[in-house]
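The structure file model07.txt is reproduced below (compact mmCIF, C-alpha atoms).
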```txt
# COMPACT_ATOMS: atom_id res chain seq x y z
CA MET A 11 38.53 -11.04 -4.14
CA LYS A 12 36.31 -10.12 -1.21
CA GLN A 13 35.86 -12.49 1.69
CA PRO A 14 32.14 -13.32 1.12
CA THR A 15 32.88 -14.17 -2.51
CA ILE A 16 35.59 -16.59 -1.38
CA VAL A 17 33.20 -18.22 1.08
CA ILE A 18 30.55 -18.71 -1.60
CA ALA A 19 33.09 -20.06 -4.09
CA VAL A 20 34.41 -22.57 -1.53
CA ALA A 21 30.87 -23.70 -0.73
CA VAL A 22 30.03 -24.24 -4.41
CA ALA A 23 33.28 -26.13 -5.05
CA GLY A 24 32.71 -28.30 -1.98
CA SER A 25 29.20 -29.16 -3.13
CA ALA A 26 30.44 -30.10 -6.61
CA ILE A 27 33.13 -32.39 -5.16
CA ALA A 28 30.60 -34.03 -2.82
CA ILE A 29 28.12 -34.71 -5.64
CA GLY A 30 30.89 -36.11 -7.86
CA ALA A 31 32.14 -38.41 -5.09
CA TYR A 32 28.61 -39.65 -4.40
CA ARG A 33 27.98 -40.55 -8.06
CA LEU A 34 31.40 -42.18 -8.41
CA GLY A 35 30.81 -44.24 -5.29
CA HIS A 36 27.54 -45.55 -6.71
CA ARG A 37 29.21 -46.58 -9.98
CA LEU A 38 31.96 -48.45 -8.11
CA ALA A 39 29.60 -50.21 -5.69
CA PRO A 40 26.38 -51.14 -7.51
CA GLY A 41 25.40 -53.64 -4.79
CA SER A 42 24.95 -50.83 -2.31
CA VAL A 43 21.31 -50.58 -3.39
CA ASP A 44 19.19 -53.64 -2.68
CA ARG A 45 17.78 -54.03 -6.14
CA SER A 46 16.07 -57.30 -5.33
CA ALA A 47 13.38 -55.20 -3.70
CA VAL A 48 12.96 -53.22 -6.88
CA ALA A 49 13.02 -55.85 -9.57
CA PRO A 50 14.33 -59.42 -9.81
CA THR A 51 16.18 -58.58 -13.03
CA ALA A 52 17.87 -55.48 -11.71
CA ASP A 53 21.36 -57.02 -11.94
CA ARG A 54 20.92 -57.59 -15.65
CA ILE A 55 20.06 -54.00 -16.53
CA GLU A 56 22.46 -51.90 -18.55
CA PRO A 57 24.51 -49.18 -16.78
CA SER A 58 22.73 -46.56 -18.92
CA ASP A 59 19.42 -47.61 -17.38
CA GLU A 60 20.82 -47.48 -13.86
CA THR A 61 19.84 -43.85 -13.29
CA ALA A 62 16.26 -44.48 -14.37
CA GLN A 63 16.13 -47.56 -12.15
CA LEU A 64 17.46 -45.55 -9.22
CA ALA A 65 14.90 -42.81 -9.84
CA GLU A 66 12.13 -45.42 -9.88
CA THR A 67 13.35 -46.81 -6.55
CA VAL A 68 13.39 -43.33 -5.04
CA HIS A 69 9.85 -42.69 -6.29
CA LYS A 70 8.64 -45.96 -4.76
CA LEU A 71 10.22 -45.10 -1.45
CA GLU A 72 8.78 -41.60 -1.56
CA ARG A 73 5.31 -43.01 -2.19
CA ARG A 74 5.68 -45.42 0.72
CA ILE A 75 6.87 -42.63 3.04
CA ALA A 76 3.98 -40.41 1.94
CA ALA A 77 1.52 -43.23 2.59
CA LEU A 78 2.99 -43.83 6.05
CA GLU A 79 2.92 -40.10 6.86
CA PHE A 80 -0.70 -39.86 5.73
CA ALA A 81 -1.66 -42.88 7.84
CA GLN A 82 0.07 -41.36 10.85
CA LEU A 83 -1.68 -38.02 10.31
CA SER A 84 -5.06 -39.70 9.89
CA ALA A 85 -4.57 -41.53 13.17
CA LYS A 86 -3.77 -38.25 14.94
CA VAL A 87 -6.87 -36.56 13.51
CA ALA A 88 -9.08 -39.53 14.33
CA ALA A 89 -7.95 -39.72 17.95
CA PRO A 90 -9.47 -36.40 19.16
CA ALA A 91 -12.66 -37.12 17.17
CA ALA A 92 -13.06 -40.38 19.04
CA THR A 93 -12.81 -38.60 22.40
CA ALA A 94 -14.97 -35.63 21.37
CA PRO A 95 -18.26 -36.90 22.86
CA ALA A 96 -16.61 -37.27 26.26
CA SER A 97 -15.36 -33.69 26.24
CA HIS A 98 -18.80 -32.39 25.17
CA SER A 99 -20.44 -34.20 28.06
CA THR A 100 -18.58 -31.97 30.53
CA PRO A 101 -18.68 -28.33 29.41
CA PRO A 102 -15.60 -26.28 30.35
CA VAL A 103 -17.80 -23.72 32.09
CA ASP A 104 -20.77 -24.62 34.23
CA PRO A 105 -23.44 -21.95 33.52
CA GLU A 106 -24.86 -22.19 37.02
CA GLU A 107 -21.46 -21.82 38.59
CA MET A 108 -20.73 -18.89 36.29
CA LYS A 109 -23.99 -17.19 37.17
CA GLN A 110 -23.30 -17.63 40.86
CA ARG A 111 -19.85 -16.16 40.41
CA MET A 112 -21.38 -13.10 38.71
CA LEU A 113 -23.77 -12.65 41.62
CA ASP A 114 -20.90 -13.01 44.11
CA LYS A 115 -18.86 -10.42 42.24
CA THR A 116 -21.75 -7.97 42.22
CA ALA A 117 -22.36 -8.58 45.93
CA ALA A 118 -18.68 -7.92 46.72
CA VAL A 119 -18.77 -4.61 44.85
CA GLU A 120 -22.01 -3.52 46.50
CA ALA A 121 -20.65 -4.48 49.93
CA ALA A 122 -17.56 -2.34 49.33
CA LEU A 123 -19.72 0.55 48.25
CA LYS A 124 -21.76 0.33 51.46
CA GLY A 125 -19.07 -0.58 53.95
CA GLU A 126 -15.90 1.05 52.69
CA ALA A 127 -14.53 4.15 54.38
CA ARG A 128 -13.96 7.29 52.33
CA ASP A 129 -10.37 8.15 51.46
CA ASP A 130 -10.47 11.91 51.95
CA ASN A 131 -7.32 12.39 49.90
CA TRP A 132 -8.32 10.36 46.88
CA ALA A 133 -12.15 10.56 46.76
CA PRO A 134 -12.45 14.33 46.09
CA VAL A 135 -9.84 14.09 43.33
CA ALA A 136 -11.65 11.20 41.63
CA GLU A 137 -15.03 12.91 42.00
CA GLY A 138 -13.58 16.07 40.45
CA GLN A 139 -12.25 14.05 37.50
CA ILE A 140 -15.62 12.43 36.90
CA GLU A 141 -17.40 15.80 37.04
CA SER A 142 -14.87 17.26 34.60
CA ALA A 143 -15.20 14.26 32.28
CA VAL A 144 -18.98 14.60 32.10
CA ALA A 145 -18.71 18.35 31.58
CA ALA A 146 -16.20 17.83 28.74
CA ALA A 147 -18.41 15.20 27.11
CA VAL A 148 -21.44 17.51 27.30
CA LYS A 149 -19.38 20.28 25.77
CA ASP A 150 -18.55 17.86 22.92
CA GLY A 151 -22.22 17.20 22.28
CA ALA A 152 -23.12 14.42 24.75
CA LYS A 153 -26.75 14.56 25.83
CA PHE A 154 -26.50 13.24 29.37
CA SER A 155 -25.90 14.74 32.78
CA LEU A 156 -24.29 13.69 36.03
CA GLN A 157 -26.92 12.72 38.57
CA THR A 158 -24.78 11.15 41.33
CA VAL A 159 -21.09 10.78 42.05
CA ARG A 160 -19.74 9.29 45.26
CA CYS A 161 -16.26 7.89 45.77
CA MET A 162 -14.97 5.83 48.69
CA THR A 163 -11.46 4.30 48.83
CA SER A 164 -11.31 1.77 46.00
CA LEU A 165 -14.38 2.64 43.96
CA CYS A 166 -16.95 5.24 42.97
CA GLU A 167 -20.65 5.12 42.31
CA VAL A 168 -21.74 7.23 39.35
CA VAL A 169 -25.20 7.71 37.85
CA LEU A 170 -25.80 9.46 34.55
CA ALA A 171 -29.21 10.64 33.38
CA ALA A 172 -30.56 11.35 29.88
CA ALA A 173 -33.84 11.93 28.08
CA SER A 174 -33.78 8.37 26.66
CA PRO A 175 -31.74 5.14 27.10
CA GLU A 176 -30.16 5.48 23.62
CA LEU A 177 -28.46 8.69 24.69
CA LEU A 178 -26.57 6.85 27.43
CA GLY A 179 -25.05 4.02 25.41
CA GLY A 180 -21.42 4.51 24.52
CA ALA A 181 -20.81 7.24 27.09
CA GLU A 182 -17.78 5.36 28.47
CA LEU A 183 -15.44 6.22 25.62
CA GLN A 184 -16.35 9.89 25.93
CA LEU A 185 -15.48 9.87 29.61
CA ALA A 186 -12.38 7.68 29.41
CA PRO A 187 -9.69 10.24 28.45
CA GLN A 188 -10.42 12.30 31.58
CA LEU A 189 -10.54 9.46 34.13
CA GLY A 190 -6.88 9.06 35.05
CA GLU A 191 -7.66 7.99 38.62
CA LEU A 192 -9.78 5.05 37.50
CA GLY A 193 -8.80 1.74 35.96
CA SER A 194 -12.08 0.12 35.00
CA MET A 195 -15.80 0.30 35.51
CA ASP A 196 -18.84 -1.93 35.53
CA VAL A 197 -21.78 -0.71 33.51
CA GLN A 198 -25.28 -1.55 34.66
CA GLN A 199 -28.28 -1.81 32.38
CA PRO A 200 -29.96 1.58 31.75
CA VAL A 201 -33.17 2.05 33.71
CA THR A 202 -36.15 3.90 32.26
CA THR A 203 -37.66 6.43 34.64
CA PRO A 204 -41.42 7.11 34.99
CA ASN A 205 -41.11 10.40 33.09
CA GLY A 206 -39.67 8.59 30.04
CA GLY A 207 -36.08 9.48 30.79
CA ALA A 208 -33.31 7.01 31.63
CA THR A 209 -30.42 6.55 34.03
CA VAL A 210 -27.38 4.31 33.96
CA ALA A 211 -25.27 3.43 36.99
CA TYR A 212 -21.53 2.80 36.92
CA ARG A 213 -19.22 1.29 39.46
CA MET A 214 -15.83 2.84 38.75
CA PHE A 215 -12.70 1.26 40.22
CA ARG A 216 -9.55 2.97 41.42
CA LYS A 217 -6.52 2.54 39.23
CA GLY A 218 -3.70 0.51 40.76
CA ARG A 219 -5.89 -1.00 43.50
CA PRO A 220 -7.42 -4.48 43.48
CA ARG A 221 -11.11 -4.40 42.67
CA PRO A 222 -13.41 -5.59 45.49
CA ASP A 223 -14.48 -8.50 43.25
CA GLU A 224 -10.97 -9.52 42.28
CA GLY A 225 -10.32 -13.22 42.70
CA ILE A 226 -14.00 -14.21 42.76
CA MET B 19 27.12 -5.00 -1.56
CA LYS B 20 27.49 -8.76 -1.15
CA ARG B 21 28.64 -8.29 2.40
CA SER B 22 25.55 -6.14 3.09
CA LEU B 23 23.40 -8.90 1.63
CA LEU B 24 24.99 -11.53 3.84
CA ILE B 25 24.69 -9.35 6.94
CA GLY B 26 21.06 -8.68 6.03
CA MET B 27 20.36 -12.40 5.73
CA VAL B 28 21.99 -13.15 9.08
CA VAL B 29 20.02 -10.34 10.78
CA ALA B 30 16.77 -11.57 9.18
CA VAL B 31 17.36 -15.12 10.39
CA CYS B 32 18.10 -13.85 13.91
CA ALA B 33 15.00 -11.62 13.85
CA VAL B 34 12.77 -14.52 12.83
CA GLY B 35 14.22 -16.65 15.62
CA VAL B 36 13.80 -13.97 18.25
CA SER B 37 10.25 -13.13 17.15
CA SER B 38 9.18 -16.77 17.27
CA VAL B 39 10.53 -17.05 20.81
CA ALA B 40 8.97 -13.74 21.87
CA SER B 41 5.59 -14.63 20.38
CA ALA B 42 5.20 -17.78 22.46
CA ASN B 43 1.71 -17.68 24.02
CA MET B 44 0.90 -14.42 22.28
CA LEU B 45 -2.23 -14.37 20.18
CA ALA B 46 -1.99 -11.50 17.72
CA THR B 47 -4.62 -10.78 15.10
CA GLN B 48 -5.11 -8.08 12.56
CA ALA B 49 -8.16 -5.88 12.96
CA PHE B 50 -10.61 -8.31 11.37
CA ASP B 51 -14.11 -7.78 12.75
CA CYS B 52 -14.59 -4.04 13.05
CA LYS B 53 -17.35 -1.54 12.51
CA LEU B 54 -17.48 2.20 12.32
CA VAL B 55 -20.07 4.24 14.21
CA LYS B 56 -20.76 7.93 14.73
CA ASN B 57 -18.76 9.60 17.44
CA SER B 58 -21.84 11.08 19.08
CA SER B 59 -25.17 9.70 20.19
CA PRO B 60 -27.03 8.01 18.70
CA TRP B 61 -23.99 5.85 17.87
CA ASN B 62 -25.29 4.61 14.52
CA LEU B 63 -23.24 2.63 12.02
CA ILE B 64 -21.72 4.78 9.30
CA SER B 65 -20.03 3.96 6.01
CA GLY B 66 -16.37 4.56 5.31
CA ASP B 67 -14.93 1.53 7.08
CA GLN B 68 -12.09 0.03 5.07
CA TYR B 69 -9.79 -2.95 5.41
CA GLY B 70 -6.49 -3.03 3.62
CA ALA B 71 -2.91 -4.12 4.20
CA GLY B 72 -3.95 -5.71 7.48
CA ALA B 73 -5.43 -2.53 8.95
CA PHE B 74 -8.88 -1.17 9.64
CA THR B 75 -9.20 2.43 8.43
CA ASN B 76 -11.70 5.16 9.12
CA ALA B 77 -12.28 6.60 5.66
CA SER B 78 -15.59 8.24 6.52
CA GLY B 79 -14.25 11.76 6.19
CA THR B 80 -14.92 12.56 9.82
CA THR B 81 -13.95 11.46 13.31
CA ALA B 82 -15.74 8.22 14.19
CA ARG B 83 -15.60 5.31 16.60
CA GLY B 84 -13.98 2.09 15.53
CA MET B 85 -15.13 -1.06 17.30
CA CYS B 86 -13.33 -4.37 16.85
CA SER B 87 -13.77 -7.82 18.36
CA VAL B 88 -10.73 -8.88 20.35
CA PRO B 89 -9.99 -12.60 20.82
CA PHE B 90 -8.25 -13.65 24.01
CA GLN B 91 -6.91 -16.77 25.67
CA ASP B 92 -7.78 -18.22 29.03
CA GLY B 93 -5.40 -17.09 31.75
CA LEU B 94 -3.68 -14.44 29.62
CA TYR B 95 -4.80 -11.04 30.79
CA ASN B 96 -2.57 -8.59 28.96
CA PHE B 97 -3.53 -6.88 25.73
CA GLN B 98 -1.56 -4.73 23.37
CA ILE B 99 -3.37 -2.77 20.69
CA GLY B 100 -1.59 -1.14 17.77
CA THR B 101 -3.15 1.92 16.12
CA SER B 102 -1.92 4.84 14.09
CA SER B 103 -0.73 7.69 16.26
CA GLY B 104 -3.78 9.85 15.45
CA VAL B 105 -6.14 7.62 17.45
CA THR B 106 -7.00 9.68 20.51
CA SER B 107 -8.50 7.24 23.00
CA CYS B 108 -9.30 3.55 23.34
CA ILE B 109 -11.14 1.40 25.83
CA MET B 110 -11.85 -2.32 26.04
CA LYS B 111 -15.34 -3.53 26.79
CA ALA B 112 -16.00 -6.99 28.20
CA THR B 113 -19.53 -8.38 28.05
CA SER B 114 -20.37 -11.50 30.02
CA VAL B 115 -22.59 -14.30 28.79
CA PHE B 116 -25.18 -12.98 31.25
CA GLY B 117 -25.19 -9.52 29.73
CA SER B 118 -23.27 -7.53 32.34
CA SER B 119 -20.49 -5.41 30.93
CA SER B 120 -17.29 -3.89 32.21
CA VAL B 121 -15.13 -1.22 30.67
CA TYR B 122 -11.36 -1.14 31.06
CA PHE B 123 -9.18 1.89 30.56
CA PRO B 124 -5.63 1.52 29.23
CA THR B 125 -2.99 0.84 31.84
CA SER B 126 -0.67 2.87 29.63
CA SER B 127 -0.44 4.18 26.09
CA SER B 128 2.21 5.71 23.93
CA GLY B 129 2.55 6.53 20.25
CA GLY B 130 -0.27 4.34 19.00
CA LEU B 131 0.35 1.46 21.41
CA TRP B 132 -2.34 0.81 24.00
CA TYR B 133 -1.93 -1.62 26.89
CA PHE B 134 -4.70 -3.20 28.91
CA ASN B 135 -4.87 -5.68 31.76
CA ILE B 136 -8.18 -7.51 31.91
CA PRO B 137 -8.52 -10.54 34.21
CA LEU B 138 -11.32 -12.47 32.50
CA THR B 139 -12.14 -16.11 31.94
CA ALA B 140 -12.10 -17.03 28.26
CA GLY B 141 -15.38 -18.45 27.03
CA THR B 142 -17.49 -16.47 29.46
CA TYR B 143 -16.86 -12.99 28.09
CA SER B 144 -16.58 -11.37 24.71
CA THR B 145 -14.22 -8.46 24.42
CA GLU B 146 -14.42 -5.48 22.14
CA LEU B 147 -12.05 -2.62 21.49
CA GLU B 148 -13.48 0.86 21.05
CA CYS B 149 -11.35 3.74 19.78
CA VAL B 150 -11.97 7.31 18.73
CA MET B 151 -10.59 7.43 15.20
CA PRO B 152 -9.96 10.68 13.32
CA ASN B 153 -10.44 10.47 9.58
CA ASN B 154 -7.82 8.21 7.89
CA SER B 155 -6.56 6.81 11.20
CA GLN B 156 -6.11 3.06 11.55
CA ILE B 157 -6.31 0.12 13.92
CA TYR B 158 -3.56 -2.36 13.05
CA TYR B 159 -3.69 -5.32 15.39
CA MET B 160 -4.75 -6.73 18.73
CA GLY B 161 -2.44 -8.91 20.79
CA ASN B 162 -3.23 -10.99 23.88
CA TYR B 163 -0.43 -12.40 26.00
```
Can you present the structure in this file as structure tokens?
Amino acid sequence: MKQPTIVIAVAVAGSAIAIGAYRLGHRLAPGSVDRSAVAPTADRIEPSDETAQLAETVHKLERRIAALEFAQLSAKVAAPAATAPASHSTPPVDPEEMKQRMLDKTAAVEAALKGEARDDNWAPVAEGQIESAVAAAVKDGAKFSLQTVRCMTSLCEVVLAAASPELLGGAELQLAPQLGELGSMDVQQPVTTPNGGATVAYRMFRKGRPRPDEGI
Amino acid sequence: MKRSLLIGMVVAVCAVGVSSVASANMLATQAFDCKLVKNSSPWNLISGDQYGAGAFTNASGTTARGMCSVPFQDGLYNFQIGTSSGVTSCIMKATSVFGSSSVYFPTSSSGGLWYFNIPLTAGTYSTELECVMPNNSQIYYMGNY
């Protein structure tokens, strides 16, 4: 016989012995169950009814446990509900604070764009990638053109132009595969030009470098 | 045979234990709120989007863009996206409650797994995944950890 079969057989035999011993123990010691809590006449019942009586006791206990568990659960659910108004009175995010943070982030990016020195090793490479990305997108059917590209040390300023604002939406995914030097970019709202065309400005950030607005 | 069964059960129990430890603080969802749009401007909605077996499928018959909402937790900035290997590029777009938007490129990608690092405050941004999906390609899940 194989070893796993032996293990299973031993487990089954052990279980059978344990169950037998448990039932025997109950027959030898009927007072082990406090039957006064079940019924005043429990001592007078016939041995044949003992199993049914035991089952009834178990059912009663199960119902009591279930009731206690439900009460406990209800208390847990009720507790947060009672404190809910307090949490609503203080929103997790203050809109004014959030708005100010957005303005601070934008200011930090614009300051970097104006004040940052140009990294002559990295900037031409990044600019070349952006030009190639736009050219590849146009080749694939994109209807926009590159109006401005200027890279510094940690970021680039890019402006795309198109005949209408709708032609500029979604350009990011077309450019993404080519932009290995860049990690992220902020997209500004498209601006409609007097001749009916549109432009959109991007702030593109160098991959592996902290953004100027990081931590704000 | 029985031994194989026992070994299989032991391995399964261990795998469940390890995965429950590894998934602590990870929020992983199937692709559940996705749309399919043309892959060229104007990026209009197109039909052929399908959900099945926990995946979002481009069944439009052509290459299209799949866009899915991505839930994330406060203070957890890493994302892992699972797609079929045919998906050619993915980005994550974060739009603030004030309308400004940022686009994040993958920090790395390999064989249908895309990784992003996006330091955003939950509740003040919504995040969306955008992928170029050839016909019959799929987006499986989004994980934030």
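When CA of Ser128 (chain B) is paired with CA of Glu146 (chain B), their separation reads 20.1 Å.
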Proximity check chain B to chain A, 9 Å, nearest pairs one decimal Å, all atoms listed in the file, as JSON lines:
```
{"residue": "B:Lys20", "atom": "CA", "partner": "A:Pro14", "partner_atom": "CA", "distance": 6.9}
{"residue": "B:Arg21", "atom": "CA", "partner": "A:Pro14", "partner_atom": "CA", "distance": 6.3}
{"residue": "B:Leu24", "atom": "CA", "partner": "A:Pro14", "partner_atom": "CA", "distance": 7.9}
{"residue": "B:Asn57", "atom": "CA", "partner": "A:Gln184", "partner_atom": "CA", "distance": 8.8}
{"residue": "B:Ser58", "atom": "CA", "partner": "A:Ala152", "partner_atom": "CA", "distance": 6.7}
{"residue": "B:Ser59", "atom": "CA", "partner": "A:Leu177", "partner_atom": "CA", "distance": 5.7}
{"residue": "B:Pro60", "atom": "CA", "partner": "A:Leu177", "partner_atom": "CA", "distance": 6.2}
{"residue": "B:Trp61", "atom": "CA", "partner": "A:Gly180", "partner_atom": "CA", "distance": 7.3}
{"residue": "B:Thr106", "atom": "CA", "partner": "A:Pro187", "partner_atom": "CA", "distance": 8.4}
{"residue": "B:Ser107", "atom": "CA", "partner": "A:Pro187", "partner_atom": "CA", "distance": 6.3}
{"residue": "B:Cys108", "atom": "CA", "partner": "A:Leu183", "partner_atom": "CA", "distance": 7.1}
{"residue": "B:Ile109", "atom": "CA", "partner": "A:Leu183", "partner_atom": "CA", "distance": 6.5}
{"residue": "B:Ser114", "atom": "CA", "partner": "A:Met112", "partner_atom": "CA", "distance": 8.9}
{"residue": "B:Val115", "atom": "CA", "partner": "A:Lys109", "partner_atom": "CA", "distance": 9.0}
{"residue": "B:Phe116", "atom": "CA", "partner": "A:Lys109", "partner_atom": "CA", "distance": 7.4}
{"residue": "B:Gly117", "atom": "CA", "partner": "A:Gln199", "partner_atom": "CA", "distance": 8.7}
{"residue": "B:Ser118", "atom": "CA", "partner": "A:Gln198", "partner_atom": "CA", "distance": 6.7}
{"residue": "B:Ser119", "atom": "CA", "partner": "A:Val197", "partner_atom": "CA", "distance": 5.5}
{"residue": "B:Ser120", "atom": "CA", "partner": "A:Asp196", "partner_atom": "CA", "distance": 4.2}
{"residue": "B:Val121", "atom": "CA", "partner": "A:Met195", "partner_atom": "CA", "distance": 5.1}
{"residue": "B:Tyr122", "atom": "CA", "partner": "A:Ser194", "partner_atom": "CA", "distance": 4.2}
{"residue": "B:Phe123", "atom": "CA", "partner": "A:Gly193", "partner_atom": "CA", "distance": 5.4}
{"residue": "B:Pro124", "atom": "CA", "partner": "A:Gly193", "partner_atom": "CA", "distance": 7.4}
{"residue": "B:Thr125", "atom": "CA", "partner": "A:Gly193", "partner_atom": "CA", "distance": 7.2}
{"residue": "B:Pro137", "atom": "CA", "partner": "A:Glu224", "partner_atom": "CA", "distance": 8.5}
{"residue": "B:Gly141", "atom": "CA", "partner": "A:Val103", "partner_atom": "CA", "distance": 7.7}
{"residue": "B:Thr142", "atom": "CA", "partner": "A:Val103", "partner_atom": "CA", "distance": 7.7}
{"residue": "B:Glu148", "atom": "CA", "partner": "A:Leu183", "partner_atom": "CA", "distance": 7.3}
{"residue": "B:Cys149", "atom": "CA", "partner": "A:Leu183", "partner_atom": "CA", "distance": 7.5}
{"residue": "B:Val150", "atom": "CA", "partner": "A:Leu183", "partner_atom": "CA", "distance": 7.8}
```
Got a sec: who's within 10 Å of region 81-88 of chain B, counting all atoms listed in the file, leaving out chain neighbours fewer than 6 positions off, as an mmCIF file with C-alpha atoms, in the frame of the given file?
```cif
data_model
loop_
_atom_site.group_PDB
_atom_site.id
_atom_site.type_symbol
_atom_site.label_atom_id
_atom_site.label_comp_id
_atom_site.auth_asym_id
_atom_site.auth_seq_id
_atom_site.Cartn_x
_atom_site.Cartn_y
_atom_site.Cartn_z
ATOM 1 C CA GLY A 180 -21.420 4.510 24.520
ATOM 2 C CA LEU A 183 -15.440 6.220 25.620
ATOM 3 C CA ALA B 46 -1.990 -11.500 17.720
ATOM 4 C CA THR B 47 -4.620 -10.780 15.100
ATOM 5 C CA GLN B 48 -5.110 -8.080 12.560
ATOM 6 C CA ALA B 49 -8.160 -5.880 12.960
ATOM 7 C CA PHE B 50 -10.610 -8.310 11.370
ATOM 8 C CA ASP B 51 -14.110 -7.780 12.750
ATOM 9 C CA CYS B 52 -14.590 -4.040 13.050
ATOM 10 C CA LYS B 53 -17.350 -1.540 12.510
ATOM 11 C CA LEU B 54 -17.480 2.200 12.320
ATOM 12 C CA VAL B 55 -20.070 4.240 14.210
ATOM 13 C CA LYS B 56 -20.760 7.930 14.730
ATOM 14 C CA ASN B 57 -18.760 9.600 17.440
ATOM 15 C CA SER B 58 -21.840 11.080 19.080
ATOM 16 C CA TRP B 61 -23.990 5.850 17.870
ATOM 17 C CA ASN B 62 -25.290 4.610 14.520
ATOM 18 C CA LEU B 63 -23.240 2.630 12.020
ATOM 19 C CA ILE B 64 -21.720 4.780 9.300
ATOM 20 C CA GLY B 66 -16.370 4.560 5.310
ATOM 21 C CA ASP B 67 -14.930 1.530 7.080
ATOM 22 C CA PHE B 74 -8.880 -1.170 9.640
ATOM 23 C CA THR B 75 -9.200 2.430 8.430
ATOM 24 C CA PHE B 97 -3.530 -6.880 25.730
ATOM 25 C CA ILE B 99 -3.370 -2.770 20.690
ATOM 26 C CA VAL B 105 -6.140 7.620 17.450
ATOM 27 C CA SER B 107 -8.500 7.240 23.000
ATOM 28 C CA CYS B 108 -9.300 3.550 23.340
ATOM 29 C CA ILE B 109 -11.140 1.400 25.830
ATOM 30 C CA MET B 110 -11.850 -2.320 26.040
ATOM 31 C CA LYS B 111 -15.340 -3.530 26.790
ATOM 32 C CA ALA B 112 -16.000 -6.990 28.200
ATOM 33 C CA SER B 144 -16.580 -11.370 24.710
ATOM 34 C CA THR B 145 -14.220 -8.460 24.420
ATOM 35 C CA GLU B 146 -14.420 -5.480 22.140
ATOM 36 C CA LEU B 147 -12.050 -2.620 21.490
ATOM 37 C CA GLU B 148 -13.480 0.860 21.050
ATOM 38 C CA CYS B 149 -11.350 3.740 19.780
ATOM 39 C CA VAL B 150 -11.970 7.310 18.730
ATOM 40 C CA MET B 151 -10.590 7.430 15.200
ATOM 41 C CA PRO B 152 -9.960 10.680 13.320
ATOM 42 C CA ASN B 153 -10.440 10.470 9.580
ATOM 43 C CA ASN B 154 -7.820 8.210 7.890
ATOM 44 C CA SER B 155 -6.560 6.810 11.200
ATOM 45 C CA GLN B 156 -6.110 3.060 11.550
ATOM 46 C CA ILE B 157 -6.310 0.120 13.920
ATOM 47 C CA TYR B 159 -3.690 -5.320 15.390
ATOM 48 C CA MET B 160 -4.750 -6.730 18.730
ATOM 49 C CA GLY B 161 -2.440 -8.910 20.790
ATOM 50 C CA ASN B 162 -3.230 -10.990 23.880
#
```
To one decimal place, how far is CA of Arg160 (chain A) from CA of Ser126 (chain B) in Å?
-> 25.5 Å
Separation of CA of Gly130 (chain B) from CA of Arg221 (chain A) in Å =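 Separating CA of Arg221 (chain A) from CA of Gly130 (chain B) is a distance of 27.5 Å.
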